[in-house]
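Enquirer: Input structure: structure-v3.cif, which contains mmCIF, C-alpha atoms and all ligand atoms.
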data_input
loop_
_atom_site.group_PDB
_atom_site.id
_atom_site.type_symbol
_atom_site.label_atom_id
_atom_site.label_comp_id
_atom_site.auth_asym_id
_atom_site.auth_seq_id
_atom_site.Cartn_x
_atom_site.Cartn_y
_atom_site.Cartn_z
ATOM 1 C CA MET A 1335 0.000 0.000 0.000
ATOM 2 C CA ASP A 1336 1.364 3.387 -1.071
ATOM 3 C CA PHE A 1337 0.569 5.251 2.149
ATOM 4 C CA GLU A 1338 1.399 2.773 4.914
ATOM 5 C CA GLY A 1339 2.604 4.779 7.946
ATOM 6 C CA LYS A 1340 1.954 8.099 6.214
ATOM 7 C CA THR A 1341 -0.261 10.970 7.312
ATOM 8 C CA ALA A 1342 -2.502 13.111 5.148
ATOM 9 C CA ILE A 1343 -4.669 16.139 5.808
ATOM 10 C CA VAL A 1344 -7.797 16.517 3.667
ATOM 11 C CA THR A 1345 -9.676 19.809 4.014
ATOM 12 C CA GLY A 1346 -13.433 19.859 3.450
ATOM 13 C CA ALA A 1347 -13.500 16.096 4.085
ATOM 14 C CA ALA A 1348 -16.785 15.952 6.001
ATOM 15 C CA ARG A 1349 -18.748 15.084 2.867
ATOM 16 C CA GLY A 1350 -18.715 14.861 -0.922
ATOM 17 C CA ILE A 1351 -15.430 14.744 -2.788
ATOM 18 C CA GLY A 1352 -13.257 15.398 0.284
ATOM 19 C CA ARG A 1353 -14.787 12.401 2.042
ATOM 20 C CA GLY A 1354 -14.074 10.276 -1.060
ATOM 21 C CA ILE A 1355 -10.451 11.423 -1.115
ATOM 22 C CA ALA A 1356 -10.008 10.730 2.607
ATOM 23 C CA LEU A 1357 -11.456 7.216 2.254
ATOM 24 C CA GLU A 1358 -9.226 6.391 -0.740
ATOM 25 C CA LEU A 1359 -6.076 7.561 1.070
ATOM 26 C CA ALA A 1360 -7.086 5.596 4.186
ATOM 27 C CA ARG A 1361 -7.787 2.491 2.092
ATOM 28 C CA ARG A 1362 -4.175 2.721 0.931
ATOM 29 C CA GLY A 1363 -2.889 2.827 4.519
ATOM 30 C CA SER A 1364 -2.768 6.535 5.377
ATOM 31 C CA ASN A 1365 -3.742 8.154 8.649
ATOM 32 C CA VAL A 1366 -6.031 11.037 7.797
ATOM 33 C CA ILE A 1367 -6.858 14.340 9.469
ATOM 34 C CA ILE A 1368 -10.422 15.315 8.553
ATOM 35 C CA ALA A 1369 -10.221 19.126 8.515
ATOM 36 C CA ASP A 1370 -13.605 20.824 8.106
ATOM 37 C CA ILE A 1371 -15.779 23.527 9.611
ATOM 38 C CA ASP A 1372 -18.688 21.115 9.992
ATOM 39 C CA GLU A 1373 -18.068 18.822 12.954
ATOM 40 C CA GLU A 1374 -20.878 16.268 12.952
ATOM 41 C CA PRO A 1375 -20.479 14.767 9.460
ATOM 42 C CA ALA A 1376 -16.693 15.053 9.829
ATOM 43 C CA ARG A 1377 -16.799 12.845 12.917
ATOM 44 C CA GLU A 1378 -18.807 10.256 10.945
ATOM 45 C CA VAL A 1379 -15.998 10.111 8.348
ATOM 46 C CA VAL A 1380 -13.455 9.740 11.172
ATOM 47 C CA ALA A 1381 -15.402 6.763 12.564
ATOM 48 C CA GLU A 1382 -15.696 5.209 9.089
ATOM 49 C CA ILE A 1383 -11.930 5.415 8.574
ATOM 50 C CA GLN A 1384 -11.094 4.133 12.047
ATOM 51 C CA ALA A 1385 -13.390 1.154 11.459
ATOM 52 C CA GLY A 1386 -11.243 0.351 8.409
ATOM 53 C CA GLY A 1387 -8.140 0.138 10.610
ATOM 54 C CA THR A 1388 -6.144 3.312 9.970
ATOM 55 C CA GLY A 1389 -5.865 6.414 12.126
ATOM 56 C CA ALA A 1390 -8.233 9.353 11.717
ATOM 57 C CA ASN A 1391 -8.870 12.530 13.685
ATOM 58 C CA TYR A 1392 -11.199 15.453 13.295
ATOM 59 C CA CYS A 1393 -9.659 18.909 13.361
ATOM 60 C CA GLU A 1394 -12.082 21.834 13.347
ATOM 61 C CA THR A 1395 -10.669 24.012 10.578
ATOM 62 C CA ASP A 1396 -11.664 27.145 8.722
ATOM 63 C CA VAL A 1397 -9.339 27.265 5.721
ATOM 64 C CA THR A 1398 -9.954 30.995 5.263
ATOM 65 C CA GLN A 1399 -7.957 31.672 8.444
ATOM 66 C CA GLN A 1400 -4.201 31.208 8.513
ATOM 67 C CA TRP A 1401 -4.175 30.556 12.288
ATOM 68 C CA SER A 1402 -6.703 27.756 11.725
ATOM 69 C CA THR A 1403 -4.687 25.973 9.015
ATOM 70 C CA ASP A 1404 -1.597 26.398 11.254
ATOM 71 C CA ASP A 1405 -3.512 24.585 14.037
ATOM 72 C CA MET A 1406 -4.555 21.895 11.549
ATOM 73 C CA VAL A 1407 -0.923 21.144 10.662
ATOM 74 C CA GLU A 1408 0.070 21.152 14.327
ATOM 75 C CA ALA A 1409 -2.721 18.659 15.072
ATOM 76 C CA ALA A 1410 -1.386 16.295 12.385
ATOM 77 C CA LEU A 1411 2.181 16.525 13.690
ATOM 78 C CA GLU A 1412 1.100 16.096 17.318
ATOM 79 C CA GLY A 1413 -1.127 13.149 16.477
ATOM 80 C CA TYR A 1414 1.124 11.239 14.093
ATOM 81 C CA GLY A 1415 4.625 12.760 14.274
ATOM 82 C CA GLN A 1416 4.825 13.442 10.554
ATOM 83 C CA LEU A 1417 2.859 14.923 7.687
ATOM 84 C CA ASP A 1418 3.307 13.633 4.150
ATOM 85 C CA VAL A 1419 0.288 14.821 2.160
ATOM 86 C CA LEU A 1420 -1.904 17.920 2.133
ATOM 87 C CA VAL A 1421 -5.073 17.878 0.029
ATOM 88 C CA ASN A 1422 -6.677 21.331 -0.234
ATOM 89 C CA ASN A 1423 -10.207 20.313 -1.182
ATOM 90 C CA ALA A 1424 -12.536 22.651 0.773
ATOM 91 C CA GLY A 1425 -14.579 24.739 -1.628
ATOM 92 C CA VAL A 1426 -17.808 26.719 -1.959
ATOM 93 C CA GLY A 1427 -20.025 27.780 -4.859
ATOM 94 C CA GLY A 1428 -20.578 31.240 -3.371
ATOM 95 C CA ALA A 1429 -21.704 32.961 -0.190
ATOM 96 C CA PRO A 1430 -24.661 31.435 1.692
ATOM 97 C CA GLY A 1431 -27.770 31.730 -0.486
ATOM 98 C CA PHE A 1432 -25.789 31.952 -3.754
ATOM 99 C CA ALA A 1433 -28.219 29.515 -5.397
ATOM 100 C CA THR A 1434 -31.009 32.102 -5.040
ATOM 101 C CA ARG A 1435 -29.165 34.819 -7.001
ATOM 102 C CA LYS A 1436 -29.182 35.079 -10.786
ATOM 103 C CA THR A 1437 -25.747 36.680 -10.860
ATOM 104 C CA PRO A 1438 -23.025 36.358 -8.226
ATOM 105 C CA ASN A 1439 -22.887 39.394 -5.937
ATOM 106 C CA ILE A 1440 -19.825 40.823 -4.221
ATOM 107 C CA ASP A 1441 -20.293 38.426 -1.274
ATOM 108 C CA ASP A 1442 -20.169 35.472 -3.685
ATOM 109 C CA TRP A 1443 -16.938 36.748 -5.247
ATOM 110 C CA GLN A 1444 -15.475 37.259 -1.794
ATOM 111 C CA ALA A 1445 -16.548 33.836 -0.494
ATOM 112 C CA THR A 1446 -15.306 31.889 -3.522
ATOM 113 C CA PHE A 1447 -11.929 33.604 -3.418
ATOM 114 C CA ASP A 1448 -11.688 33.324 0.397
ATOM 115 C CA VAL A 1449 -12.281 29.562 0.434
ATOM 116 C CA ASN A 1450 -11.292 28.318 -3.036
ATOM 117 C CA VAL A 1451 -8.136 30.417 -3.427
ATOM 118 C CA TYR A 1452 -6.938 31.807 -0.066
ATOM 119 C CA GLY A 1453 -7.956 28.483 1.522
ATOM 120 C CA ILE A 1454 -5.372 26.749 -0.677
ATOM 121 C CA VAL A 1455 -2.772 29.465 -0.085
ATOM 122 C CA ASN A 1456 -3.300 29.266 3.689
ATOM 123 C CA GLY A 1457 -2.991 25.475 3.656
ATOM 124 C CA ILE A 1458 0.249 25.571 1.663
ATOM 125 C CA GLN A 1459 1.701 28.373 3.771
ATOM 126 C CA SER A 1460 1.025 26.337 6.901
ATOM 127 C CA VAL A 1461 2.907 23.239 5.651
ATOM 128 C CA GLU A 1462 5.659 24.617 3.459
ATOM 129 C CA LYS A 1463 8.257 25.269 6.170
ATOM 130 C CA TYR A 1464 7.796 21.791 7.671
ATOM 131 C CA MET A 1465 7.873 20.086 4.254
ATOM 132 C CA THR A 1466 10.814 22.179 3.044
ATOM 133 C CA ASP A 1467 12.886 21.393 6.173
ATOM 134 C CA ARG A 1468 12.080 17.715 5.664
ATOM 135 C CA GLY A 1469 12.773 17.777 1.911
ATOM 136 C CA TYR A 1470 9.590 15.821 1.199
ATOM 137 C CA GLY A 1471 5.904 16.510 0.694
ATOM 138 C CA LYS A 1472 2.932 16.096 -1.622
ATOM 139 C CA ILE A 1473 0.321 18.800 -2.075
ATOM 140 C CA VAL A 1474 -2.798 18.309 -4.189
ATOM 141 C CA ASN A 1475 -5.268 21.153 -4.720
ATOM 142 C CA ILE A 1476 -8.828 20.563 -5.894
ATOM 143 C CA ALA A 1477 -9.697 23.001 -8.687
ATOM 144 C CA SER A 1478 -12.439 22.305 -11.266
ATOM 145 C CA VAL A 1479 -13.127 22.009 -14.980
ATOM 146 C CA ALA A 1480 -14.936 25.315 -14.383
ATOM 147 C CA GLY A 1481 -11.449 26.821 -14.044
ATOM 148 C CA ARG A 1482 -10.527 25.743 -17.580
ATOM 149 C CA LEU A 1483 -12.928 27.990 -19.495
ATOM 150 C CA GLY A 1484 -14.706 31.193 -18.454
ATOM 151 C CA ARG A 1485 -18.490 30.991 -18.584
ATOM 152 C CA PRO A 1486 -21.208 33.496 -17.687
ATOM 153 C CA GLY A 1487 -23.450 32.788 -14.718
ATOM 154 C CA PHE A 1488 -20.913 31.228 -12.394
ATOM 155 C CA ALA A 1489 -18.057 33.578 -13.285
ATOM 156 C CA SER A 1490 -16.947 34.013 -9.654
ATOM 157 C CA TYR A 1491 -16.636 30.255 -9.100
ATOM 158 C CA GLY A 1492 -14.868 29.652 -12.428
ATOM 159 C CA ALA A 1493 -12.431 32.505 -11.835
ATOM 160 C CA SER A 1494 -11.591 31.200 -8.361
ATOM 161 C CA LYS A 1495 -10.867 27.755 -9.809
ATOM 162 C CA ALA A 1496 -8.666 29.206 -12.581
ATOM 163 C CA ALA A 1497 -6.771 30.970 -9.783
ATOM 164 C CA ALA A 1498 -6.474 27.654 -7.918
ATOM 165 C CA ILE A 1499 -4.716 26.128 -10.954
ATOM 166 C CA ASN A 1500 -2.372 29.130 -11.218
ATOM 167 C CA VAL A 1501 -1.580 29.057 -7.495
ATOM 168 C CA SER A 1502 -0.736 25.338 -7.812
ATOM 169 C CA GLN A 1503 1.759 26.130 -10.579
ATOM 170 C CA ALA A 1504 3.305 28.991 -8.592
ATOM 171 C CA TRP A 1505 4.007 26.784 -5.571
ATOM 172 C CA ALA A 1506 5.060 23.856 -7.756
ATOM 173 C CA PHE A 1507 7.891 26.070 -9.029
ATOM 174 C CA LYS A 1508 8.721 27.446 -5.596
ATOM 175 C CA LEU A 1509 8.808 24.102 -3.792
ATOM 176 C CA ALA A 1510 10.297 21.905 -6.548
ATOM 177 C CA PRO A 1511 13.910 22.427 -5.339
ATOM 178 C CA HIS A 1512 12.843 21.074 -1.932
ATOM 179 C CA GLY A 1513 11.467 17.723 -3.102
ATOM 180 C CA ILE A 1514 7.844 18.788 -2.859
ATOM 181 C CA ASN A 1515 5.295 18.049 -5.589
ATOM 182 C CA VAL A 1516 2.315 20.370 -6.034
ATOM 183 C CA ASN A 1517 -0.464 19.440 -8.435
ATOM 184 C CA ALA A 1518 -4.126 20.221 -9.031
ATOM 185 C CA VAL A 1519 -7.057 17.962 -9.868
ATOM 186 C CA CYS A 1520 -10.000 19.341 -11.847
ATOM 187 C CA PRO A 1521 -13.151 17.331 -11.165
ATOM 188 C CA GLY A 1522 -16.008 17.471 -13.672
ATOM 189 C CA LEU A 1523 -19.583 16.606 -12.605
ATOM 190 C CA ILE A 1524 -19.996 14.911 -9.249
ATOM 191 C CA TRP A 1525 -23.286 14.578 -7.367
ATOM 192 C CA THR A 1526 -22.586 16.196 -3.971
ATOM 193 C CA PRO A 1527 -24.336 18.807 -1.773
ATOM 194 C CA LEU A 1528 -22.452 21.473 -3.773
ATOM 195 C CA TRP A 1529 -23.872 20.223 -7.082
ATOM 196 C CA GLN A 1530 -27.335 20.009 -5.517
ATOM 197 C CA SER A 1531 -27.112 23.797 -4.917
ATOM 198 C CA ILE A 1532 -25.979 24.348 -8.502
ATOM 199 C CA GLY A 1533 -28.951 22.265 -9.716
ATOM 200 C CA GLU A 1534 -31.320 24.382 -7.584
ATOM 201 C CA TRP A 1535 -29.747 27.518 -9.020
ATOM 202 C CA ARG A 1536 -30.178 26.367 -12.627
ATOM 203 C CA SER A 1537 -33.761 25.150 -12.193
ATOM 204 C CA SER A 1538 -34.853 28.454 -10.655
ATOM 205 C CA MET A 1539 -32.791 30.839 -12.850
ATOM 206 C CA ASP A 1540 -32.631 29.210 -16.225
ATOM 207 C CA GLU A 1541 -35.693 28.697 -18.476
ATOM 208 C CA GLN A 1542 -34.162 25.575 -20.041
ATOM 209 C CA HIS A 1543 -34.194 23.850 -16.649
ATOM 210 C CA ALA A 1544 -37.469 25.226 -15.262
ATOM 211 C CA GLY A 1545 -39.468 22.647 -13.294
ATOM 212 C CA MET A 1546 -36.624 20.132 -13.136
ATOM 213 C CA THR A 1547 -35.306 18.693 -9.877
ATOM 214 C CA PRO A 1548 -31.638 19.397 -9.091
ATOM 215 C CA ARG A 1549 -30.831 15.752 -9.823
ATOM 216 C CA GLN A 1550 -32.550 15.996 -13.250
ATOM 217 C CA VAL A 1551 -30.529 19.155 -14.001
ATOM 218 C CA PHE A 1552 -27.386 17.252 -13.046
ATOM 219 C CA GLU A 1553 -28.262 14.268 -15.247
ATOM 220 C CA ARG A 1554 -28.913 16.545 -18.205
ATOM 221 C CA ALA A 1555 -25.540 18.232 -17.660
ATOM 222 C CA VAL A 1556 -23.860 14.818 -17.642
ATOM 223 C CA SER A 1557 -25.548 13.670 -20.845
ATOM 224 C CA ASP A 1558 -24.907 17.019 -22.612
ATOM 225 C CA ALA A 1559 -21.281 17.509 -21.566
ATOM 226 C CA VAL A 1560 -19.509 14.264 -20.729
ATOM 227 C CA PRO A 1561 -18.049 12.328 -23.698
ATOM 228 C CA LEU A 1562 -17.702 9.180 -21.566
ATOM 229 C CA GLY A 1563 -21.412 9.533 -20.803
ATOM 230 C CA ARG A 1564 -21.311 8.979 -17.048
ATOM 231 C CA GLU A 1565 -21.074 11.117 -13.946
ATOM 232 C CA GLN A 1566 -17.799 11.138 -12.038
ATOM 233 C CA THR A 1567 -17.631 10.035 -8.401
ATOM 234 C CA PRO A 1568 -15.740 11.084 -5.258
ATOM 235 C CA GLU A 1569 -13.839 7.782 -5.584
ATOM 236 C CA ASP A 1570 -12.708 8.764 -9.116
ATOM 237 C CA VAL A 1571 -11.214 11.961 -7.704
ATOM 238 C CA GLY A 1572 -9.789 10.068 -4.702
ATOM 239 C CA ASN A 1573 -7.975 7.665 -7.043
ATOM 240 C CA ALA A 1574 -6.408 10.539 -9.008
ATOM 241 C CA VAL A 1575 -5.374 12.334 -5.806
ATOM 242 C CA ALA A 1576 -3.900 9.122 -4.382
ATOM 243 C CA PHE A 1577 -1.771 8.705 -7.504
ATOM 244 C CA LEU A 1578 -0.534 12.316 -7.513
ATOM 245 C CA ALA A 1579 0.205 12.133 -3.773
ATOM 246 C CA SER A 1580 2.176 8.891 -4.142
ATOM 247 C CA ASP A 1581 5.846 8.388 -4.909
ATOM 248 C CA ARG A 1582 4.810 6.816 -8.222
ATOM 249 C CA ALA A 1583 4.066 10.386 -9.354
ATOM 250 C CA ARG A 1584 7.413 11.726 -8.113
ATOM 251 C CA SER A 1585 8.252 13.264 -11.517
ATOM 252 C CA ILE A 1586 4.906 15.031 -11.889
ATOM 253 C CA THR A 1587 4.528 18.576 -10.591
ATOM 254 C CA GLY A 1588 2.688 21.738 -11.593
ATOM 255 C CA GLN A 1589 0.028 19.772 -13.475
ATOM 256 C CA ALA A 1590 -3.745 20.107 -13.447
ATOM 257 C CA LEU A 1591 -5.376 16.731 -14.142
ATOM 258 C CA ASN A 1592 -8.974 16.714 -15.379
ATOM 259 C CA VAL A 1593 -11.089 13.936 -13.856
ATOM 260 C CA ASP A 1594 -14.127 14.804 -15.912
ATOM 261 C CA GLY A 1595 -14.987 12.028 -18.378
ATOM 262 C CA GLY A 1596 -13.513 14.153 -21.188
ATOM 263 C CA ILE A 1597 -15.426 17.431 -20.703
ATOM 264 C CA ARG A 1598 -12.206 19.402 -21.226
ATOM 265 C CA MET A 1599 -9.416 17.714 -23.136
ATOM 266 C CA ASN A 1600 -6.569 19.960 -22.043
HETATM 267 N N1 LIG B 1701 -19.161 18.478 -7.081
HETATM 268 C C1 LIG B 1701 -18.604 18.751 -8.228
HETATM 269 O O1 LIG B 1701 -19.142 18.405 -9.304
HETATM 270 C C2 LIG B 1701 -17.285 19.491 -8.284
HETATM 271 C C3 LIG B 1701 -16.717 19.700 -9.549
HETATM 272 C C4 LIG B 1701 -15.510 20.348 -9.644
HETATM 273 C C5 LIG B 1701 -14.853 20.771 -8.485
HETATM 274 N N2 LIG B 1701 -15.420 20.559 -7.267
HETATM 275 C C6 LIG B 1701 -14.656 21.008 -6.091
HETATM 276 O O2 LIG B 1701 -14.409 19.910 -5.234
HETATM 277 C C7 LIG B 1701 -14.321 20.349 -3.874
HETATM 278 C C8 LIG B 1701 -15.327 19.603 -3.024
HETATM 279 O O3 LIG B 1701 -16.629 19.839 -3.554
HETATM 280 P P1 LIG B 1701 -17.929 19.039 -3.095
HETATM 281 O O4 LIG B 1701 -18.804 18.975 -4.287
HETATM 282 O O5 LIG B 1701 -17.561 17.810 -2.361
HETATM 283 O O6 LIG B 1701 -18.551 20.148 -2.079
HETATM 284 P P2 LIG B 1701 -19.449 19.963 -0.777
HETATM 285 O O7 LIG B 1701 -20.166 21.251 -0.595
HETATM 286 O O8 LIG B 1701 -20.227 18.718 -0.881
HETATM 287 O O9 LIG B 1701 -18.353 19.798 0.387
HETATM 288 C C9 LIG B 1701 -17.460 20.846 0.694
HETATM 289 C C10 LIG B 1701 -16.896 20.650 2.094
HETATM 290 O O10 LIG B 1701 -16.040 21.776 2.375
HETATM 291 C C11 LIG B 1701 -16.301 22.230 3.690
HETATM 292 N N3 LIG B 1701 -15.937 23.650 3.817
HETATM 293 C C12 LIG B 1701 -16.551 24.721 3.229
HETATM 294 N N4 LIG B 1701 -15.955 25.864 3.618
HETATM 295 C C13 LIG B 1701 -14.931 25.510 4.436
HETATM 296 C C14 LIG B 1701 -13.943 26.235 5.156
HETATM 297 N N5 LIG B 1701 -13.907 27.577 5.126
HETATM 298 N N6 LIG B 1701 -13.039 25.557 5.884
HETATM 299 C C15 LIG B 1701 -13.085 24.196 5.949
HETATM 300 N N7 LIG B 1701 -14.003 23.457 5.308
HETATM 301 C C16 LIG B 1701 -14.917 24.106 4.561
HETATM 302 C C17 LIG B 1701 -17.807 22.006 3.897
HETATM 303 O O11 LIG B 1701 -18.164 21.986 5.277
HETATM 304 C C18 LIG B 1701 -17.993 20.656 3.196
HETATM 305 O O12 LIG B 1701 -17.797 19.574 4.077
HETATM 306 C C19 LIG B 1701 -14.577 21.869 -3.911
HETATM 307 O O13 LIG B 1701 -13.334 22.553 -3.969
HETATM 308 C C20 LIG B 1701 -15.347 22.034 -5.211
HETATM 309 O O14 LIG B 1701 -15.248 23.346 -5.712
HETATM 310 C C21 LIG B 1701 -16.635 19.946 -7.136
#
Would you write out, as structure tokens, the structure that this file holds?

Expert:
Amino acid sequence: MDFEGKTAIVTGAARGIGRGIALELARRGSNVIIADIDEEPAREVVAEIQAGGTGANYCETDVTQQWSTDDMVEAALEGYGQLDVLVNNAGVGGAPGFATRKTPNIDDWQATFDVNVYGIVNGIQSVEKYMTDRGYGKIVNIASVAGRLGRPGFASYGASKAAAINVSQAWAFKLAPHGINVNAVCPGLIWTPLWQSIGEWRSSMDEQHAGMTPRQVFERAVSDAVPLGREQTPEDVGNAVAFLASDRARSITGQALNVDGGIRMN
């Protein structure tokens, strides 16, 4: 197993894609810190991982605050003595209530950049000294296919994800001389609470989707956009992250890997 004896932090791991990533890393032997603002579902993921036989802890974390991501790293080092992998997955579609607005407002721009961009920057800034001193580390940032091409409607979200790809490249360059790999993964269409909000937004704002349930909106998006013709899953993203965070990917850095069934072939 690639991650036997290793420790990973996954932010936003209480549900959805982050949970899938945490479970895949744990299945390969890793101890995992579940770092999320939402305690109850995070503790359920902790219990699920512990039942599988590897270590797991919850760390209450708000990735928009540098002091909080500092605490998160300290918790990993205190609990397990080492930290090998950081997965910056926490993300939002906008400020609370974004699905009720036709166009993102200033709060949505602020929230997407606070969590989806500064959240990654904070996470990296909290681990880079430790990883640099050690001369080893794997960082994987969760961006999105929405960051590959600007689109109206969700411009704030797409722009934040394009920034997440750029930030990954910037730190890949900076940390490469220290034996640290930094990559991004761009998921496509995955049925999670986040996508449920997007489905609600489309069915209430967009005539084409009027009267459809969020799940029907999602299924139409999959059939319209995905060449492979199927939705992606948290496990699909977890598998890609596990590869990029493993020593088998030691020569890969600064990349953004689409896990999207072919939506964007770049
Ligand atoms: N679902 C998709 O189709 C899709 C596609 C492309 C990219 N993504 C990206 O994948 C990641 C996970 O998305 P998801 O669909 O699982 O979302 P989700 O809403 O289901 O889960 C997001 C998790 O992040 C946590 N979180 C939010 N703000 C936080 C903060 N400030 N600090 C710590 N934790 C915080 C939430 O509590 C939640 O547990 C996000 O970065 C998202 O943008 C999702």

Enquirer: For the file shown, report as a VMD selection string the outcome of the PyMOL selection byres (((not hetatm)) within 8 of (chain B and resi 1701)) at residue level.

Expert: chain A and resid 1345 to 1353 1369 to 1372 1375 to 1376 1394 to 1399 1422 to 1427 1448 to 1450 1453 1476 to 1480 1491 1495 1520 to 1529 1566 1568

Enquirer: When distances are computed from all atoms listed in the file, which of A:Val1551, A:Ile1355, A:Ala1381, A:Val1344 shows the smallest separation from A:Ala1574?

Expert: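 Looking at the shortest contact to A:Ala1574, the residue is A:Ile1355.
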
Enquirer: Give me the residues near A:Val1407 as a list in words, where near means some atom within 9 Å (using all atoms listed in the file) and where sequence neighbours in that chain fewer than 5 positions away do not count.

Expert: Ile1343, Ser1402, Glu1412, Leu1417, Gly1457, Ser1460 and Val1461 of chain A

Enquirer: Going by the chain IDs and residue numbers used in this file, which residues fall under the PyMOL selection byres (((chain A and resi 1339) around 10) and not hetatm)? Write them as a tab-separated table (two decimals) with C-alpha atoms, in the frame of the given file.

Expert:
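Contents of the output file out-v4.tsv:
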chain	number	residue	atom	x	y	z
A	1335	MET	CA	0.00	0.00	0.00
A	1336	ASP	CA	1.36	3.39	-1.07
A	1337	PHE	CA	0.57	5.25	2.15
A	1338	GLU	CA	1.40	2.77	4.91
A	1340	LYS	CA	1.95	8.10	6.21
A	1341	THR	CA	-0.26	10.97	7.31
A	1362	ARG	CA	-4.18	2.72	0.93
A	1363	GLY	CA	-2.89	2.83	4.52
A	1364	SER	CA	-2.77	6.54	5.38
A	1365	ASN	CA	-3.74	8.15	8.65
A	1388	THR	CA	-6.14	3.31	9.97
A	1389	GLY	CA	-5.86	6.41	12.13
A	1414	TYR	CA	1.12	11.24	14.09
A	1416	GLN	CA	4.82	13.44	10.55
A	1418	ASP	CA	3.31	13.63	4.15

Enquirer: Looking at all atoms listed in the file, which of A:Phe1447, A:Asn1592, A:Val1575, A:Glu1408 is the one that sits closest to A:Ala1429?

Expert: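 Of the candidates, the smallest distance to A:Ala1429 is held by A:Phe1447.
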
Enquirer: Given the file shown, enumerate the residues that the PyMOL selection byres (((chain A and resi 1583-1585) around 12) and not hetatm) captures and present them as JSON, numbers by chain.

Expert: {"A": [1336, 1470, 1471, 1472, 1473, 1474, 1506, 1510, 1513, 1514, 1515, 1516, 1517, 1574, 1575, 1576, 1577, 1578, 1579, 1580, 1581, 1582, 1586, 1587, 1588, 1589]}
